[in-house]
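The structure appears below as structure tokens.
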Amino acid sequence: MIRLEGRLLVDGRLVPGRLEIDGARIASVTPGRGTSPAELPIVAPGLIDLHVHGFGGCDPIEDLAGMARALARAGTTAFQPTLFPREPGALGADAERVWSQACALGAGSGAQPIGLHLEGPFVNPEAAGALSVADLATPSLEGLRAILGPPTGGGRGVRTVTLAPELEGAGALARELARCGVRVSLGHSRARAGEARAAARAGAVGVTHLFNAMTGVHHRDVGLAGIALTERLLFAEIIGDLVHVGADAFRIALAARGPGGLCLVSDALRGAGTGCDVFHWHGREHRVRDGAVYYPPSGAGSPPTLAGSACSQLEMVRRIVQHGVASFEEAWTMGSATPAAALGLAGELGALRAGARADVVVLRGAALELAEVLVAGERQ
């Protein structure tokens, strides 16, 4: 039996109390009385990253186990390994290889994969952002079958697919994904408001990195971003490095949706968590500045291209809190409870409650220093 005492994050509030863990599960949560002294450590459910391409010098394709260990050391206890677009057959092979590795990981192996996120290839080339346009594909059921594999194969672990709803064939693809139990997240898109709203009504459940690589808010057509801010059927990812989304825009999103509608994601790349200023990946140089990752300028006078993040979810929580964008309780809810709800795992992950999986972190001091991480009751 493991016992942890401190300020427990329970239902979005910090309360003094004691947590008991028996094996892989939380056995009991006992709130105390009175105020919650600031000197007590914070005990919170582990962070859940719905969108992460790599971390700690590792990526899902080459070293999923190393990535899982590195994420756990940074406070993320569950994650969707996120794959970049490729030709559907090749992407399906990648998914099969990554998911077979994921299924072999034990609780003591770090953060636990909870399904794969495919960021494409069925997205709009005009909103590709840092994605390779050459690797995108037109939405088709044949392409989807090449990715998910045979009907008896379990879909190769694919849990979320980013899709641009305005593309021809996207509607049929979205319906087939929903039939297969795969989440549709709208992103890398030039969708107008009506197209985005129709996709939400037809079964889309998420929005990929709100504000980035999508139609923004205009007073005559609020675009995909505007629908993400107002449509309660959609859980919206948001990158919290305060570079991809500035502090004021983040405040607008939080005011519109509340912490229960936003999922804090890292969109981290392989060099994140290493402290390096430059790293090479997929044959390209990546430069780190202010917690974000850029491709160098393609020519004289051109700006660098924002490619992803170099921050962990915990680092993002610290930034959001330190800049007064959100309270700790709001920021941590966006990083834990809301992603669990978005995946339909609210009873299993993202909460300190009896019976839930014992994914728990302990933080100390005003700087939110990470003191301890448990995944399914196993210290990492």
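Residue numbers start at 1 in each chain; chains themselves are named A, B, ... in the order of the structure tokens; ligands are numbered from 1 in the order shown.
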Write out as a PDB file with N, CA and C atoms, in the first residue's frame which residues come within 12 Å of Val317 in chain A when counting only C-alpha atoms, dropping same-chain ones fewer than 5 positions away.
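This is the output file result-v4.pdb:
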ATOM      1  N   LEU A  47      -0.614  13.633 -16.127  1.00  0.00           N
ATOM      2  CA  LEU A  47      -0.983  14.345 -17.348  1.00  0.00           C
ATOM      3  C   LEU A  47      -1.175  13.366 -18.504  1.00  0.00           C
ATOM      4  N   ALA A  74       8.751  13.451 -17.052  1.00  0.00           N
ATOM      5  CA  ALA A  74       8.271  14.827 -17.151  1.00  0.00           C
ATOM      6  C   ALA A  74       6.829  14.986 -16.674  1.00  0.00           C
ATOM      7  N   GLY A  75       6.253  13.945 -16.075  1.00  0.00           N
ATOM      8  CA  GLY A  75       4.924  14.066 -15.484  1.00  0.00           C
ATOM      9  C   GLY A  75       3.769  13.641 -16.352  1.00  0.00           C
ATOM     10  N   THR A  76       4.038  13.232 -17.598  1.00  0.00           N
ATOM     11  CA  THR A  76       2.987  12.725 -18.477  1.00  0.00           C
ATOM     12  C   THR A  76       2.914  11.212 -18.309  1.00  0.00           C
ATOM     13  N   ILE A 238      -5.180  22.381 -27.419  1.00  0.00           N
ATOM     14  CA  ILE A 238      -4.520  23.679 -27.453  1.00  0.00           C
ATOM     15  C   ILE A 238      -3.091  23.507 -26.952  1.00  0.00           C
ATOM     16  N   ILE A 239      -2.133  24.050 -27.706  1.00  0.00           N
ATOM     17  CA  ILE A 239      -0.717  23.947 -27.350  1.00  0.00           C
ATOM     18  C   ILE A 239      -0.403  25.053 -26.346  1.00  0.00           C
ATOM     19  N   GLY A 240       0.249  24.691 -25.245  1.00  0.00           N
ATOM     20  CA  GLY A 240       0.406  25.620 -24.126  1.00  0.00           C
ATOM     21  C   GLY A 240       1.773  26.220 -23.945  1.00  0.00           C
ATOM     22  N   ASP A 241       2.604  26.269 -25.009  1.00  0.00           N
ATOM     23  CA  ASP A 241       3.919  26.892 -24.836  1.00  0.00           C
ATOM     24  C   ASP A 241       3.854  28.415 -24.872  1.00  0.00           C
ATOM     25  N   LEU A 242       2.677  28.976 -25.168  1.00  0.00           N
ATOM     26  CA  LEU A 242       2.416  30.411 -25.294  1.00  0.00           C
ATOM     27  C   LEU A 242       3.188  31.031 -26.455  1.00  0.00           C
ATOM     28  N   CYS A 263      -8.121  20.654 -24.241  1.00  0.00           N
ATOM     29  CA  CYS A 263      -7.135  19.618 -23.911  1.00  0.00           C
ATOM     30  C   CYS A 263      -5.740  20.185 -24.143  1.00  0.00           C
ATOM     31  N   LEU A 264      -4.984  20.346 -23.096  1.00  0.00           N
ATOM     32  CA  LEU A 264      -3.624  20.853 -23.205  1.00  0.00           C
ATOM     33  C   LEU A 264      -2.737  19.781 -23.822  1.00  0.00           C
ATOM     34  N   VAL A 265      -2.168  20.062 -24.991  1.00  0.00           N
ATOM     35  CA  VAL A 265      -1.292  19.108 -25.669  1.00  0.00           C
ATOM     36  C   VAL A 265       0.071  19.747 -25.880  1.00  0.00           C
ATOM     37  N   SER A 266       1.094  18.895 -25.994  1.00  0.00           N
ATOM     38  CA  SER A 266       2.438  19.425 -26.193  1.00  0.00           C
ATOM     39  C   SER A 266       2.769  19.636 -27.660  1.00  0.00           C
ATOM     40  N   CYS A 311       8.419  21.813 -25.374  1.00  0.00           N
ATOM     41  CA  CYS A 311       7.991  21.783 -23.978  1.00  0.00           C
ATOM     42  C   CYS A 311       7.233  20.502 -23.660  1.00  0.00           C
ATOM     43  N   SER A 312       7.372  20.066 -22.418  1.00  0.00           N
ATOM     44  CA  SER A 312       6.495  19.021 -21.899  1.00  0.00           C
ATOM     45  C   SER A 312       5.182  19.650 -21.463  1.00  0.00           C
ATOM     46  N   GLN A 322       2.354  30.796 -14.469  1.00  0.00           N
ATOM     47  CA  GLN A 322       3.249  31.914 -14.189  1.00  0.00           C
ATOM     48  C   GLN A 322       2.856  33.179 -14.934  1.00  0.00           C
ATOM     49  N   HIS A 323       2.263  33.035 -16.115  1.00  0.00           N
ATOM     50  CA  HIS A 323       1.838  34.199 -16.899  1.00  0.00           C
ATOM     51  C   HIS A 323       0.413  34.634 -16.573  1.00  0.00           C
ATOM     52  N   GLY A 324      -0.205  33.998 -15.596  1.00  0.00           N
ATOM     53  CA  GLY A 324      -1.544  34.396 -15.189  1.00  0.00           C
ATOM     54  C   GLY A 324      -2.623  34.080 -16.197  1.00  0.00           C
ATOM     55  N   VAL A 325      -2.357  33.141 -17.104  1.00  0.00           N
ATOM     56  CA  VAL A 325      -3.349  32.771 -18.109  1.00  0.00           C
ATOM     57  C   VAL A 325      -4.444  31.916 -17.493  1.00  0.00           C
ATOM     58  N   ALA A 326      -4.068  31.055 -16.553  1.00  0.00           N
ATOM     59  CA  ALA A 326      -5.026  30.169 -15.889  1.00  0.00           C
ATOM     60  C   ALA A 326      -4.491  29.827 -14.507  1.00  0.00           C
ATOM     61  N   SER A 327      -5.379  29.399 -13.645  1.00  0.00           N
ATOM     62  CA  SER A 327      -4.955  28.907 -12.339  1.00  0.00           C
ATOM     63  C   SER A 327      -4.325  27.526 -12.502  1.00  0.00           C
ATOM     64  N   PHE A 328      -3.634  27.069 -11.460  1.00  0.00           N
ATOM     65  CA  PHE A 328      -3.083  25.712 -11.519  1.00  0.00           C
ATOM     66  C   PHE A 328      -4.199  24.707 -11.744  1.00  0.00           C
ATOM     67  N   GLU A 329      -5.291  24.852 -11.019  1.00  0.00           N
ATOM     68  CA  GLU A 329      -6.390  23.894 -11.131  1.00  0.00           C
ATOM     69  C   GLU A 329      -6.936  23.844 -12.558  1.00  0.00           C
ATOM     70  N   GLU A 330      -7.091  25.007 -13.189  1.00  0.00           N
ATOM     71  CA  GLU A 330      -7.592  25.042 -14.567  1.00  0.00           C
ATOM     72  C   GLU A 330      -6.587  24.411 -15.533  1.00  0.00           C
ATOM     73  N   ALA A 331      -5.319  24.779 -15.379  1.00  0.00           N
ATOM     74  CA  ALA A 331      -4.290  24.270 -16.287  1.00  0.00           C
ATOM     75  C   ALA A 331      -4.161  22.756 -16.172  1.00  0.00           C
ATOM     76  N   TRP A 332      -4.187  22.242 -14.922  1.00  0.00           N
ATOM     77  CA  TRP A 332      -4.010  20.800 -14.764  1.00  0.00           C
ATOM     78  C   TRP A 332      -5.241  20.033 -15.251  1.00  0.00           C
ATOM     79  N   THR A 333      -6.409  20.611 -15.077  1.00  0.00           N
ATOM     80  CA  THR A 333      -7.621  19.986 -15.614  1.00  0.00           C
ATOM     81  C   THR A 333      -7.521  19.856 -17.129  1.00  0.00           C
ATOM     82  N   MET A 334      -7.028  20.890 -17.800  1.00  0.00           N
ATOM     83  CA  MET A 334      -6.868  20.837 -19.254  1.00  0.00           C
ATOM     84  C   MET A 334      -5.856  19.780 -19.675  1.00  0.00           C
ATOM     85  N   GLY A 335      -4.892  19.481 -18.792  1.00  0.00           N
ATOM     86  CA  GLY A 335      -3.861  18.519 -19.129  1.00  0.00           C
ATOM     87  C   GLY A 335      -4.144  17.102 -18.694  1.00  0.00           C
ATOM     88  N   SER A 336      -5.210  16.892 -17.905  1.00  0.00           N
ATOM     89  CA  SER A 336      -5.443  15.563 -17.350  1.00  0.00           C
ATOM     90  C   SER A 336      -6.902  15.130 -17.463  1.00  0.00           C
ATOM     91  N   LEU A 363       3.933  17.170  -6.830  1.00  0.00           N
ATOM     92  CA  LEU A 363       4.629  18.415  -7.146  1.00  0.00           C
ATOM     93  C   LEU A 363       4.918  19.174  -5.862  1.00  0.00           C
ATOM     94  N   ALA A 367       7.289  26.540  -7.707  1.00  0.00           N
ATOM     95  CA  ALA A 367       7.810  26.260  -9.046  1.00  0.00           C
ATOM     96  C   ALA A 367       7.267  24.958  -9.621  1.00  0.00           C
ATOM     97  N   LEU A 368       6.415  24.275  -8.869  1.00  0.00           N
ATOM     98  CA  LEU A 368       5.813  23.011  -9.313  1.00  0.00           C
ATOM     99  C   LEU A 368       6.889  22.003  -9.729  1.00  0.00           C
ATOM    100  N   GLU A 369       7.839  21.803  -8.832  1.00  0.00           N
ATOM    101  CA  GLU A 369       8.907  20.839  -9.095  1.00  0.00           C
ATOM    102  C   GLU A 369       8.351  19.425  -8.988  1.00  0.00           C
TER     103      GLU A 369
END
| Who sits within 10 Å of Glu378 in chain A, only C-alpha atoms, same chain under 6 positions skipped, as an MDAnalysis selection string | chainID A and resid 2 21 23:24 106:110 358:360
| Expected answer as a PyMOL selection string: strand (DSSP E or B) residues in range 99-169 of chain A | chain A and resi 112-113+116-118+158-163
Output C-alpha atoms of each residue in that selection to a file, as a PDB file, in the first residue's frame.
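Output (selection-v7.pdb):
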ATOM      1  CA  GLN A 112       1.292   4.319 -21.173  1.00  0.00           C
ATOM      2  CA  PRO A 113       0.233   4.603 -24.840  1.00  0.00           C
ATOM      3  CA  LEU A 116      -2.283   6.319 -31.837  1.00  0.00           C
ATOM      4  CA  HIS A 117      -3.030   9.755 -33.249  1.00  0.00           C
ATOM      5  CA  LEU A 118      -2.548  10.134 -37.008  1.00  0.00           C
ATOM      6  CA  VAL A 158      -5.393   4.019 -34.255  1.00  0.00           C
ATOM      7  CA  ARG A 159      -7.588   6.003 -31.875  1.00  0.00           C
ATOM      8  CA  THR A 160      -7.629   9.508 -33.381  1.00  0.00           C
ATOM      9  CA  VAL A 161      -7.318  10.774 -36.962  1.00  0.00           C
ATOM     10  CA  THR A 162      -6.947  14.439 -37.892  1.00  0.00           C
ATOM     11  CA  LEU A 163      -9.148  15.203 -40.904  1.00  0.00           C
TER      12      LEU A 163
END
| task | Kindly indicate which residue among A:Leu71, A:Leu343, A:Leu136, A:Val98 lies nearest to Arg183 in chain A, using only C-alpha atoms for the distances. | result |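 Between A:Leu71, A:Leu343, A:Leu136, A:Val98, the residue approaching Arg183 in chain A most closely is A:Leu343.
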| message | Measuring between only C-alpha atoms, which one of A:Arg156, A:His219, A:Arg33, A:Arg7 shows the shortest distance to Arg364 in chain A? | response |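 Counting only C-alpha atoms, the residue closest to Arg364 in chain A is A:Arg7.
Here CA of Asp277 in chain A stands at a distance of 18.0 Å from CA of Met316 in chain A.
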Residues near Leu64 in chain A, anyone? I mean within 12 Å using only C-alpha atoms, not counting same-chain ones fewer than 4 positions away, as a PDB file with C-alpha atoms, in the first residue's frame.
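File written: selection_0.pdb
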ATOM      1  CA  VAL A  52       2.983  14.236 -29.058  1.00  0.00           C
ATOM      2  CA  HIS A  53       5.396  13.284 -31.856  1.00  0.00           C
ATOM      3  CA  GLY A  54       8.477  12.667 -29.746  1.00  0.00           C
ATOM      4  CA  PHE A  55      10.245  13.471 -26.503  1.00  0.00           C
ATOM      5  CA  GLY A  56      13.570  13.052 -24.757  1.00  0.00           C
ATOM      6  CA  GLY A  57      15.447  12.400 -28.001  1.00  0.00           C
ATOM      7  CA  CYS A  58      13.081   9.561 -28.943  1.00  0.00           C
ATOM      8  CA  ASP A  59      10.131   9.137 -31.290  1.00  0.00           C
ATOM      9  CA  PRO A  60       7.417   6.469 -31.716  1.00  0.00           C
ATOM     10  CA  ALA A  68       7.494   6.608 -22.812  1.00  0.00           C
ATOM     11  CA  ARG A  69      10.184   6.682 -20.127  1.00  0.00           C
ATOM     12  CA  ALA A  70      11.119  10.276 -20.934  1.00  0.00           C
ATOM     13  CA  LEU A  71       7.497  11.429 -20.836  1.00  0.00           C
ATOM     14  CA  PHE A  79      -0.195   9.581 -24.279  1.00  0.00           C
ATOM     15  CA  GLN A  80      -1.262   9.126 -27.873  1.00  0.00           C
ATOM     16  CA  PRO A  81       1.914   8.590 -29.938  1.00  0.00           C
ATOM     17  CA  THR A  82       1.328  10.880 -32.903  1.00  0.00           C
ATOM     18  CA  LEU A  83       2.486   9.942 -36.403  1.00  0.00           C
ATOM     19  CA  ASP A  94       4.180   2.438 -39.267  1.00  0.00           C
ATOM     20  CA  ALA A  95       1.058   2.248 -37.118  1.00  0.00           C
ATOM     21  CA  ARG A  97       4.905  -1.424 -35.863  1.00  0.00           C
ATOM     22  CA  VAL A  98       4.388   1.300 -33.252  1.00  0.00           C
ATOM     23  CA  TRP A  99       1.296  -0.298 -31.752  1.00  0.00           C
ATOM     24  CA  SER A 100       2.973  -3.687 -31.451  1.00  0.00           C
ATOM     25  CA  GLN A 101       5.691  -1.961 -29.418  1.00  0.00           C
ATOM     26  CA  ALA A 102       3.053  -0.161 -27.346  1.00  0.00           C
ATOM     27  CA  CYS A 103       1.310  -3.402 -26.451  1.00  0.00           C
ATOM     28  CA  ALA A 104       4.592  -4.786 -25.121  1.00  0.00           C
ATOM     29  CA  LEU A 105       5.162  -1.950 -22.627  1.00  0.00           C
ATOM     30  CA  SER A 109       8.031   1.207 -18.562  1.00  0.00           C
ATOM     31  CA  GLY A 110       6.928   4.818 -18.315  1.00  0.00           C
ATOM     32  CA  ALA A 111       3.928   6.646 -19.714  1.00  0.00           C
ATOM     33  CA  GLN A 112       1.292   4.319 -21.173  1.00  0.00           C
ATOM     34  CA  PRO A 113       0.233   4.603 -24.840  1.00  0.00           C
ATOM     35  CA  LEU A 116      -2.283   6.319 -31.837  1.00  0.00           C
ATOM     36  CA  ARG A 270      11.854  14.476 -30.754  1.00  0.00           C
TER      37      ARG A 270
END
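Between Leu177 in chain A and the candidates A:Arg145, A:Arg13, A:Arg3, A:His244, the tightest atom-to-atom separation, counting only C-alpha atoms, involves A:Arg145.
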